[in-house]
file run04.txt (compact mmCIF, C-alpha atoms)
# COMPACT_ATOMS: atom_id res chain seq x y z
CA MET L 26 115.06 246.70 178.99
CA SER L 27 118.54 247.70 180.10
CA ALA L 28 118.97 244.53 182.17
CA PRO L 29 117.37 241.08 181.96
CA MET L 30 114.22 240.89 184.03
CA GLU L 31 114.26 238.23 186.69
CA VAL L 32 111.23 236.39 188.00
CA VAL L 33 110.35 234.37 191.09
CA VAL L 34 108.78 230.94 190.58
CA CYS L 35 107.20 229.47 193.69
CA ALA L 36 104.73 226.81 194.80
CA ASP L 37 103.07 225.62 198.01
CA SER L 38 101.34 222.43 199.13
CA ALA L 39 97.88 223.92 199.82
CA GLU L 40 96.28 223.69 196.33
CA GLN L 41 93.98 226.64 197.16
CA LEU L 42 95.12 229.67 195.13
CA TRP L 43 97.21 227.93 192.46
CA ASN L 44 99.70 225.15 191.97
CA CYS L 45 102.58 227.51 191.23
CA ALA L 46 102.98 231.16 190.28
CA VAL L 47 105.45 233.53 188.62
CA PHE L 48 106.18 236.97 190.14
CA GLU L 49 108.36 239.84 188.93
CA LEU L 50 111.36 239.97 191.23
CA HIS L 51 111.63 243.70 192.00
CA SER L 52 107.98 244.79 191.91
CA GLY L 53 106.33 241.61 193.22
CA THR L 54 103.73 241.71 190.41
CA ASN L 55 101.99 238.37 189.83
CA LEU L 56 102.68 237.66 186.14
CA LEU L 57 101.28 234.14 185.78
CA SER L 58 99.69 231.43 187.92
CA TYR L 59 99.11 227.78 187.11
CA ARG L 60 96.22 225.71 188.42
CA GLY L 61 95.74 222.01 188.96
CA GLY L 62 97.07 220.00 191.91
CA ASN L 63 100.05 220.91 194.05
CA THR L 64 103.79 220.37 193.80
CA SER L 65 106.10 218.50 196.18
CA ALA L 66 109.40 219.92 197.45
CA ARG L 67 112.41 220.02 195.07
CA SER L 68 110.06 219.03 192.21
CA LEU L 69 109.36 222.26 190.30
CA THR L 70 111.45 223.12 187.24
CA VAL L 71 111.36 225.21 184.07
CA LEU L 72 112.17 223.31 180.88
CA ASN L 73 113.90 225.25 178.10
CA GLY L 74 112.05 228.44 179.03
CA GLU L 75 108.86 227.06 177.45
CA TYR L 76 107.32 224.62 179.92
CA ILE L 77 106.84 224.42 183.69
CA LEU L 78 106.97 220.95 185.21
CA GLY L 79 105.89 220.05 188.72
CA ALA L 80 105.65 216.65 190.39
CA GLN L 81 102.25 216.09 192.01
CA LEU L 82 102.50 215.83 195.79
CA GLY L 83 102.03 212.21 196.87
CA LYS L 84 101.19 210.94 193.36
CA ASN L 85 103.10 209.35 190.49
CA VAL L 86 102.36 212.21 188.08
CA ILE L 87 104.38 215.13 186.69
CA ASN L 88 102.16 218.05 185.63
CA VAL L 89 103.27 219.98 182.54
CA TRP L 90 102.14 223.51 181.56
CA GLU L 91 103.09 225.66 178.62
CA ILE L 92 104.39 228.97 179.99
CA GLN L 93 101.45 231.00 178.64
CA ARG L 94 98.65 228.39 178.78
CA LYS L 95 98.38 228.67 182.54
CA ASP L 96 94.83 227.28 182.94
CA GLN L 97 95.31 224.15 180.87
CA LEU L 98 97.67 221.27 181.56
CA GLN L 99 99.63 220.44 178.41
CA GLN L 100 100.05 216.85 179.57
CA LYS L 101 100.60 214.63 182.58
CA ILE L 102 103.66 212.41 182.66
CA VAL L 103 102.74 209.18 184.45
CA CYS L 104 105.71 207.73 186.35
CA PRO L 105 106.34 204.29 187.88
CA GLY L 106 106.19 205.75 191.39
CA ILE L 107 105.92 208.93 193.45
CA VAL L 108 108.41 211.57 192.25
CA THR L 109 110.45 212.96 195.15
CA CYS L 110 112.64 215.37 193.13
CA LEU L 111 112.82 216.73 189.60
CA ALA L 112 115.40 218.61 187.51
CA ALA L 113 115.67 219.73 183.88
CA SER L 114 119.06 220.30 182.25
CA PRO L 115 119.85 223.98 181.55
CA ASN L 116 120.21 223.21 177.84
CA GLY L 117 116.68 221.76 177.80
CA LEU L 118 117.72 218.36 176.42
CA PHE L 119 117.25 216.07 179.42
CA LEU L 120 114.85 215.59 182.33
CA LEU L 121 115.68 213.82 185.60
CA ALA L 122 113.23 212.45 188.18
CA GLY L 123 113.94 210.80 191.50
CA ILE L 124 111.52 207.90 192.07
CA ALA L 125 112.16 205.92 195.25
CA GLU L 126 115.92 205.20 195.19
CA ALA L 127 116.28 205.41 191.37
CA ILE L 128 117.04 208.28 188.98
CA TYR L 129 115.05 208.26 185.72
CA VAL L 130 116.68 210.03 182.76
CA TRP L 131 114.53 211.12 179.79
CA GLU L 132 115.55 212.66 176.47
CA VAL L 133 113.22 215.63 175.99
CA SER L 134 113.28 215.71 172.19
CA THR L 135 111.96 212.14 171.83
CA GLY L 136 110.44 211.40 175.24
CA ASN L 137 112.52 208.22 175.42
CA LEU L 138 113.59 206.90 178.81
CA LEU L 139 117.38 206.60 178.39
CA ALA L 140 118.50 205.25 181.75
CA ILE L 141 117.42 204.20 185.23
CA LEU L 142 120.23 204.73 187.72
CA SER L 143 119.89 202.65 190.87
CA ARG L 144 122.98 203.61 192.83
CA HIS L 145 121.29 205.05 195.92
CA TYR L 146 120.08 202.78 198.70
CA GLN L 147 117.20 204.92 199.96
CA ASP L 148 114.80 207.51 198.50
CA LEU L 149 116.18 210.43 196.49
CA THR L 150 115.70 213.88 198.04
CA CYS L 151 117.28 216.30 195.53
CA LEU L 152 118.79 216.58 192.06
CA GLY L 153 120.80 219.38 190.46
CA PHE L 154 122.64 220.09 187.19
CA THR L 155 125.83 222.01 186.54
CA ASP L 156 125.27 225.18 184.52
CA ASP L 157 126.68 223.59 181.33
CA SER L 158 124.54 220.42 181.70
CA SER L 159 127.65 218.21 181.63
CA HIS L 160 127.16 216.77 185.14
CA PHE L 161 124.38 216.32 187.65
CA ILE L 162 124.40 215.62 191.38
CA SER L 163 121.95 213.47 193.33
CA GLY L 164 121.34 213.36 197.07
CA GLY L 165 119.31 210.91 199.11
CA LYS L 166 118.16 209.67 202.48
CA ASP L 167 121.08 207.22 202.43
CA ASN L 168 123.37 210.20 203.31
CA LEU L 169 125.11 209.93 199.91
CA ALA L 170 125.72 212.62 197.29
CA LEU L 171 126.69 211.25 193.88
CA VAL L 172 128.23 213.15 190.95
CA TRP L 173 127.24 211.81 187.51
CA ASN L 174 128.78 212.56 184.11
CA LEU L 175 125.79 212.99 181.79
CA ALA L 176 127.77 211.80 178.74
CA SER L 177 128.46 208.45 180.41
CA VAL L 178 124.85 208.09 181.58
CA VAL L 179 123.30 208.57 178.12
CA GLN L 180 125.97 206.53 176.31
CA LEU L 181 124.88 204.46 173.33
CA ASP L 182 126.62 201.36 174.68
CA SER L 183 123.95 199.80 176.89
CA SER L 184 126.22 196.90 177.92
CA ARG L 185 127.99 199.10 180.50
CA ALA L 186 126.11 200.25 183.57
CA PRO L 187 126.92 203.92 184.30
CA GLU L 188 128.80 204.62 187.51
CA PRO L 189 129.00 207.95 189.35
CA ARG L 190 132.16 209.98 188.91
CA HIS L 191 132.34 210.74 192.64
CA VAL L 192 130.62 209.28 195.70
CA TRP L 193 130.55 211.67 198.65
CA THR L 194 129.95 209.84 201.92
CA GLN L 195 130.89 212.38 204.59
CA HIS L 196 127.33 213.25 205.66
CA SER L 197 125.95 211.15 208.51
CA LEU L 198 122.22 211.88 208.05
CA PRO L 199 119.94 212.38 205.00
CA ILE L 200 120.85 215.09 202.51
CA THR L 201 118.18 217.79 202.26
CA ASP L 202 119.41 220.07 199.46
CA ILE L 203 122.09 220.49 196.79
CA HIS L 204 123.30 223.61 195.02
CA CYS L 205 125.67 223.64 192.01
CA GLY L 206 127.81 226.68 191.37
CA LEU L 207 129.02 227.97 188.01
CA MET L 208 131.91 226.84 185.75
CA GLY L 209 130.56 223.45 184.67
CA PRO L 210 132.98 220.57 185.42
CA GLN L 211 135.08 222.95 187.54
CA ALA L 212 132.10 224.00 189.67
CA ARG L 213 131.79 223.82 193.42
CA VAL L 214 128.81 222.04 194.97
CA ALA L 215 127.17 222.70 198.35
CA THR L 216 125.26 219.93 200.14
CA ALA L 217 123.02 220.40 203.19
CA SER L 218 122.03 217.69 205.62
CA LEU L 219 120.03 216.91 208.72
CA ASP L 220 123.37 216.19 210.43
CA GLN L 221 123.55 220.00 210.96
CA THR L 222 126.35 220.49 208.46
CA VAL L 223 126.80 222.08 205.04
CA LYS L 224 129.73 220.82 202.99
CA LEU L 225 131.38 222.42 199.97
CA TRP L 226 132.91 220.17 197.30
CA GLU L 227 134.88 220.46 194.08
CA ILE L 228 133.58 218.46 191.12
CA SER L 229 136.89 218.22 189.25
CA SER L 230 138.81 216.55 192.08
CA GLY L 231 135.96 215.28 194.24
CA GLU L 232 137.61 216.83 197.28
CA MET L 233 135.70 218.35 200.21
CA LEU L 234 136.75 221.98 200.54
CA LEU L 235 134.77 223.07 203.59
CA SER L 236 132.44 221.71 206.27
CA VAL L 237 130.40 224.08 208.43
CA LEU L 238 128.60 222.86 211.55
CA PHE L 239 125.42 224.58 212.77
CA ASP L 240 123.32 224.10 215.90
CA VAL L 241 120.20 223.10 213.90
CA GLY L 242 119.44 220.83 210.96
CA VAL L 243 119.97 222.52 207.58
CA MET L 244 117.06 222.22 205.13
CA SER L 245 118.27 224.33 202.17
CA VAL L 246 121.46 225.82 200.76
CA THR L 247 122.59 228.15 197.97
CA LEU L 248 125.59 230.22 196.85
CA ASP L 249 125.66 233.74 195.49
CA PRO L 250 126.83 233.94 191.82
CA CYS L 251 130.33 235.14 192.78
CA GLU L 252 130.56 232.47 195.51
CA TYR L 253 131.53 234.97 198.17
CA PHE L 254 128.82 233.70 200.54
CA LEU L 255 127.07 230.46 201.39
CA PHE L 256 123.43 230.76 202.52
CA CYS L 257 121.92 227.98 204.66
CA GLY L 258 118.29 227.64 205.73
CA GLY L 259 117.80 226.15 209.20
CA SER L 260 115.01 224.05 210.65
CA ASP L 261 114.31 226.81 213.19
CA GLY L 262 113.59 229.48 210.54
CA SER L 263 117.03 231.11 210.63
CA ILE L 264 119.04 231.77 207.47
CA PHE L 265 122.81 231.63 208.02
CA GLN L 266 125.22 233.56 205.82
CA VAL L 267 128.72 232.02 205.76
CA SER L 268 131.57 234.06 204.31
CA LEU L 269 133.83 232.08 201.97
CA CYS L 270 136.41 234.88 201.95
CA SER L 271 137.11 234.96 205.67
CA THR L 272 140.74 235.35 206.71
CA ASN L 273 140.51 232.59 209.31
CA LEU L 274 138.60 230.06 207.21
CA SER L 275 139.47 226.46 208.05
CA ARG L 276 138.35 223.22 206.43
CA ASP L 277 136.12 222.31 209.38
CA LYS L 278 134.45 225.11 211.26
CA THR L 279 131.50 225.81 213.54
CA PHE L 280 129.26 228.70 212.53
CA GLN L 281 129.47 231.83 214.67
CA SER L 282 128.21 235.31 213.85
CA ASP L 283 131.04 237.81 213.44
CA SER L 284 132.03 240.97 211.60
CA GLU L 285 133.62 239.15 208.65
CA GLY L 286 130.37 238.29 206.86
CA ASN L 287 129.00 235.42 208.98
CA GLN L 288 125.52 236.70 209.79
CA VAL L 289 121.96 235.45 210.47
CA PHE L 290 118.73 236.49 208.75
CA LYS L 291 115.76 236.44 211.15
CA GLY L 292 112.12 236.50 210.06
CA HIS L 293 110.77 233.03 209.32
CA ARG L 294 109.04 231.17 212.13
CA THR L 295 109.79 227.60 211.07
CA LEU L 296 112.02 225.63 208.73
CA VAL L 297 113.34 227.28 205.56
CA THR L 298 112.73 224.91 202.65
CA CYS L 299 114.31 226.76 199.71
CA LEU L 300 116.81 229.54 198.97
CA SER L 301 117.86 231.40 195.82
CA VAL L 302 120.01 234.47 195.05
CA SER L 303 119.46 237.05 192.29
CA MET L 304 121.88 237.38 189.38
CA ASP L 305 123.54 240.49 190.80
CA GLY L 306 123.96 238.93 194.25
CA THR L 307 122.00 241.63 196.10
CA LEU L 308 118.71 239.83 196.82
CA LEU L 309 117.99 236.56 198.59
CA LEU L 310 114.72 234.64 198.18
CA SER L 311 113.60 232.21 200.87
CA GLY L 312 110.58 229.92 201.20
CA SER L 313 109.37 228.47 204.49
CA HIS L 314 106.78 226.22 206.08
CA ASP L 315 105.40 229.34 207.79
CA GLU L 316 103.48 229.87 204.48
CA THR L 317 105.57 232.82 203.28
CA ALA L 318 108.26 233.45 200.67
CA ARG L 319 110.47 236.38 201.63
CA LEU L 320 112.79 238.60 199.63
CA TRP L 321 115.81 239.90 201.56
CA ASP L 322 118.35 242.64 200.94
CA ILE L 323 121.61 240.76 201.52
CA GLN L 324 123.68 243.75 202.58
CA SER L 325 121.26 245.00 205.26
CA LYS L 326 119.77 241.57 206.18
CA GLN L 327 116.30 243.16 206.04
CA SER L 328 113.18 241.53 204.61
CA ILE L 329 111.90 243.86 201.86
CA ARG L 330 108.91 241.83 200.66
CA SER L 331 106.80 238.88 201.76
CA ILE L 332 104.67 236.75 199.42
CA ASN L 333 101.91 235.06 201.42
CA HIS L 334 100.77 231.54 200.57
CA LYS L 335 97.94 229.33 201.78
CA GLY L 336 100.23 226.46 202.75
CA PRO L 337 103.87 225.54 203.37
CA VAL L 338 106.13 226.80 200.57
CA THR L 339 107.66 223.79 198.80
CA ASN L 340 109.56 225.50 195.97
CA ALA L 341 110.89 229.02 195.36
CA PHE L 342 113.67 230.12 193.03
CA ILE L 343 114.83 233.10 190.95
CA ILE L 344 115.48 232.75 187.22
CA PRO L 345 115.94 235.12 184.26
CA ALA L 346 112.50 235.68 182.77
CA PRO L 347 111.91 233.28 179.85
CA ALA L 348 110.99 235.11 176.65
CA ASN L 349 107.57 233.43 176.59
CA VAL L 350 106.64 235.05 179.90
CA LEU L 351 106.73 238.46 178.21
CA LEU L 352 104.79 237.36 175.09
CA PRO L 353 101.12 236.54 175.88
CA ASP L 354 100.46 234.82 172.54
CA SER L 355 103.65 232.78 172.45
CA HIS L 356 103.80 229.02 172.06
CA PRO L 357 106.68 226.54 172.43
CA ALA L 358 108.86 226.23 169.34
CA VAL L 359 108.68 222.42 169.54
CA PRO L 360 105.78 220.48 171.09
CA LEU L 361 106.64 218.24 174.01
CA PRO L 362 106.44 214.52 173.14
CA ARG L 363 104.83 211.82 175.24
CA PHE L 364 107.31 210.54 177.79
CA SER L 365 107.99 206.81 177.79
CA ARG L 366 107.52 204.64 180.85
CA HIS L 367 109.74 201.89 179.45
CA LEU L 368 113.51 201.77 179.31
CA ASN L 369 113.54 199.89 175.99
CA PRO L 370 111.64 201.85 173.29
CA SER L 371 110.75 198.58 171.52
CA GLU L 372 108.62 197.61 174.53
CA GLN L 373 106.31 200.58 173.99
CA SER L 374 102.96 199.64 172.56
CA ASP L 375 100.71 202.29 174.11
CA GLY L 376 100.38 205.42 172.04
CA PRO L 377 101.17 206.79 168.59
CA GLU L 378 104.74 207.61 169.47
CA SER L 379 105.70 203.94 169.20
CA GLY L 380 105.71 204.27 165.42
CA GLY L 381 107.73 207.49 165.32
CA VAL L 382 111.27 208.04 164.22
CA CYS L 383 113.90 208.23 166.97
CA LEU L 384 116.88 210.43 166.16
CA ARG L 385 119.97 210.11 168.35
CA LEU L 386 123.26 211.96 168.05
CA GLY L 387 125.70 209.93 166.03
CA ALA L 388 123.23 207.24 164.99
CA SER L 389 123.56 207.95 161.24
CA VAL L 390 127.23 208.99 161.13
CA GLN L 391 129.20 207.04 158.51
CA GLY L 392 132.89 206.29 158.59
CA PRO L 393 135.34 206.80 161.44
CA GLU L 394 134.07 210.28 162.48
CA GLU L 395 133.41 210.47 166.22
CA THR L 396 129.95 211.17 167.56
CA TYR L 397 129.23 214.05 169.90
CA LEU L 398 128.86 211.68 172.87
CA GLN L 399 132.16 209.98 172.07
CA LYS L 400 133.90 213.35 171.92
CA ALA L 401 132.32 214.32 175.26
CA GLU L 402 133.48 211.04 176.79
CA LYS L 403 137.02 211.58 175.45
CA LEU L 404 137.04 215.13 176.87
CA HIS L 405 135.88 213.79 180.24
CA SER L 406 138.65 211.14 180.22
CA LEU L 407 141.23 213.80 179.38
CA MET L 408 140.01 216.02 182.22
CA CYS L 409 140.16 213.11 184.63
CA ALA L 410 143.72 212.32 183.52
CA VAL L 411 144.81 215.92 184.05
CA THR L 412 143.09 215.99 187.43
CA ASP L 413 144.66 212.69 188.47
CA LYS L 414 148.14 213.96 187.50
CA SER L 415 147.66 217.19 189.44
CA VAL L 416 146.32 215.31 192.46
CA PHE L 417 148.60 212.29 192.51
CA GLY L 418 151.76 213.60 190.84
CA ASP L 419 154.70 211.30 190.22
CA GLY L 420 157.31 209.46 192.27
CA GLU L 421 157.44 210.61 195.87
CA ASN L 422 154.17 212.53 195.52
CA THR L 423 152.40 209.26 194.76
CA LYS L 424 153.77 207.66 197.94
CA VAL L 425 152.64 210.64 199.99
CA ARG L 426 149.20 210.50 198.41
CA VAL L 427 148.90 206.76 199.10
CA SER L 428 149.75 207.28 202.76
CA GLU L 429 147.16 210.07 202.93
CA LEU L 430 144.54 207.77 201.46
CA GLU L 431 145.40 205.05 203.94
CA GLU L 432 144.92 207.52 206.78
CA GLU L 433 141.59 208.55 205.26
CA VAL L 434 140.48 204.89 205.13
CA LYS L 435 141.30 204.53 208.81
CA THR L 436 139.32 207.67 209.57
CA LEU L 437 136.33 206.40 207.57
CA LYS L 438 136.44 203.06 209.37
CA LYS L 439 136.36 204.88 212.70
CA ILE L 440 133.44 207.03 211.52
CA ASN L 441 131.61 203.90 210.38
CA LYS L 442 132.14 202.26 213.78
CA ASP L 443 130.95 205.40 215.57
CA LEU L 444 127.84 205.51 213.39
CA TYR L 445 127.17 201.83 214.11
CA ASP L 446 127.52 202.39 217.87
CA PHE L 447 125.27 205.47 217.66
CA SER L 448 122.60 203.55 215.70
CA THR L 449 122.78 200.66 218.16
CA GLN L 450 122.23 203.00 221.08
CA LEU L 451 119.22 204.58 219.34
CA LEU L 452 117.65 201.21 218.53
CA THR L 453 118.20 199.78 222.01
CA LYS L 454 117.18 202.94 223.86
CA PRO L 455 113.99 202.35 225.93
CA SER L 456 110.99 204.17 224.45

call {"tool": "encode", "arguments": {"input": "run04.txt", "output": "structure tokens"}}
result
Amino acid sequence: MSAPMEVVVCADSAEQLWNCAVFELHSGTNLLSYRGGNTSARSLTVLNGEYILGAQLGKNVINVWEIQRKDQLQQKIVCPGIVTCLAASPNGLFLLAGIAEAIYVWEVSTGNLLAILSRHYQDLTCLGFTDDSSHFISGGKDNLALVWNLASVVQLDSSRAPEPRHVWTQHSLPITDIHCGLMGPQARVATASLDQTVKLWEISSGEMLLSVLFDVGVMSVTLDPCEYFLFCGGSDGSIFQVSLCSTNLSRDKTFQSDSEGNQVFKGHRTLVTCLSVSMDGTLLLSGSHDETARLWDIQSKQSIRSINHKGPVTNAFIIPAPANVLLPDSHPAVPLPRFSRHLNPSEQSDGPESGGVCLRLGASVQGPEETYLQKAEKLHSLMCAVTDKSVFGDGENTKVRVSELEEEVKTLKKINKDLYDFSTQLLTKPS
């Protein structure tokens, strides 16, 4: 093939035709379908190009299929609670699950549960990795988006509780979707919320770059690979295209259609749950509760294909076709282990894996040589130091920055008071 083939992976909540299916992007040919249960929103992921994982809707189970063994579940991962979101790292080494307000972090090679992060105050709604697997972002019903450094989360020193690198508090209602751009620690992140805004952030500095206000709640968000456009799925079925190269772009703006790239895709009848853009930036995939997944030509804003489902579409995304999709007799290079339900491996007593050998990076290194995780932590500290110097500067710049932060604190206090007054009015409003 002259170019990598891309595929569409999608799922709905009906459980009638299949749990999830794989389609060829340009022809719409159904390549594979997987049976058994149904998958909840933001809970379908491809692990290392060899497995498909989907969290069972309303149950504490993650279904696992080998790419080619579509009619047989490879295993079921039993979790401590209902999984509300799921994400696998692009390098295939780690798996994240949102269970209630906690993030569970597993090491794929051993199945060990490495960490349980309880920094959110309400249920998780979405999880997403950077393209280099160095960071991940979590969003929840507590209106918070947290940026985590993976190296600090999976650290060998268990005496220190991991803390997020950034805490983004500017949303006033639950976060519905997160999209991470390219460039790893220098990536930009888009967050969508029921407060009718989409905000664009920078991981390196933690600064908010842009906030766009719409007239409906935003249920999904994505960026094209070049980050020229921001695509936002509304609760009314509209898909909004926001130009990031507009000449009159301000930090806070209200969406309006114009001739500079701010346009609306019309076709869905109800809320748009998921969005994804092809590698060349010409095609947009959308999934909706109107039981269809649509493929759009971005330049003309026309729907060129519709994939009908038997229920509301919960997941739909475009990925480069894993090699195993094209090889009918292929099998994973390494079998998937049983995933632990206990944070401390020594507490495991159910299953043969309790007697296995656990290999961790740096565990057998002798002498003063640094482990991989220590090097990653040092690199992260260096990046933070460079970022802090560029943000804060020296001398007079520091004083200016302090005054700016004091003004920001005052603004946040006012926002907090306004939110309190708004909540009080809602609670005391006669039914």

call {"tool": "closest_residue", "arguments": {"input": "run04.txt", "among": "L:Ile264, L:Arg213, L:Phe280, L:Val350", "to": "Ser236 (chain L)", "atoms": "all atoms listed in the file"}}
result
L:Phe280

call {"tool": "atom_distance", "arguments": {"input": "run04.txt", "atom1": "CA of Cys35 (chain L)", "atom2": "CA of Ser158 (chain L)"}}
result
22.9 Å

call {"tool": "closest_residue", "arguments": {"input": "run04.txt", "among": "L:Pro105, L:Gly336, L:Gly117, L:Gly83", "to": "Val359 (chain L)", "atoms": "all atoms listed in the file"}}
result
L:Gly117

call {"tool": "closest_residue", "arguments": {"input": "run04.txt", "among": "L:Leu444, L:Leu361, L:Ile343, L:Ala46", "to": "Leu198 (chain L)", "atoms": "only C-alpha atoms"}}
result
L:Leu444

call {"tool": "atom_distance", "arguments": {"input": "run04.txt", "atom1": "CA of Ser268 (chain L)", "atom2": "CA of Gly242 (chain L)"}}
result
19.1 Å

call {"tool": "axis_aligned_box", "arguments": {"input": "run04.txt", "around": "region 343-358 of chain L", "padding_each_side": "4 Å", "output": "JSON"}}
result
{"center_x": 108.2, "center_y": 232.3, "center_z": 180.1, "size_x": 23.5, "size_y": 20.2, "size_z": 29.6}

call {"tool": "closest_residue", "arguments": {"input": "run04.txt", "among": "L:Asn340, L:Thr247, L:Gln221, L:Asn137", "to": "Ser365 (chain L)", "atoms": "only C-alpha atoms"}}
result
L:Asn137

call {"tool": "closest_residue", "arguments": {"input": "run04.txt", "among": "L:Lys454, L:Lys101, L:His405, L:Arg67", "to": "Met244 (chain L)", "atoms": "all atoms listed in the file"}}
result
L:Arg67

call {"tool": "residues_near_point", "arguments": {"input": "run04.txt", "point": "(108.3, 226.0, 194.6)", "cutoff": "7 Å", "atoms": "only C-alpha atoms", "output": "list of chain:residue names"}}
result
L:Val34, L:Cys35, L:Ala36, L:Asp37, L:Cys45, L:Ala66, L:Leu69, L:Val338, L:Thr339, L:Asn340, L:Ala341, L:Phe342

call {"tool": "closest_residue", "arguments": {"input": "run04.txt", "among": "L:Asn287, L:Ser143, L:Ser65, L:Gly106", "to": "Phe254 (chain L)", "atoms": "all atoms listed in the file"}}
result
L:Asn287

call {"tool": "residues_around", "arguments": {"input": "run04.txt", "residues": "Gly74 (chain L)", "least_positions_apart": "5", "cutoff": "8 Å", "atoms": "only C-alpha atoms", "output": "ChimeraX atom specification"}}
result
/L:92,347-349

call {"tool": "residues_around", "arguments": {"input": "run04.txt", "residues": "Arg190 (chain L)", "least_positions_apart": "6", "cutoff": "7 Å", "atoms": "only C-alpha atoms", "output": "list in words"}}
result
Val172, Trp173 and Asn174 of chain L

call {"tool": "atom_distance", "arguments": {"input": "run04.txt", "atom1": "CA of Ile203 (chain L)", "atom2": "CA of Ser245 (chain L)"}}
result
7.6 Å

call {"tool": "residues_around", "arguments": {"input": "run04.txt", "residues": "Ser303 (chain L)", "least_positions_apart": "4", "cutoff": "12 Å", "atoms": "all atoms listed in the file", "output": "list in words"}}
result
Pro29, Met30, Glu31, Val32, Val33, Glu49, Leu50, His51, Thr247, Leu248, Asp249, Pro250, Cys251, Thr307, Leu308, Leu309, Leu310, Ser311, Leu320, Trp321, Asp322, Ile323, Phe342, Ile343, Ile344, Pro345 and Ala346 of chain L
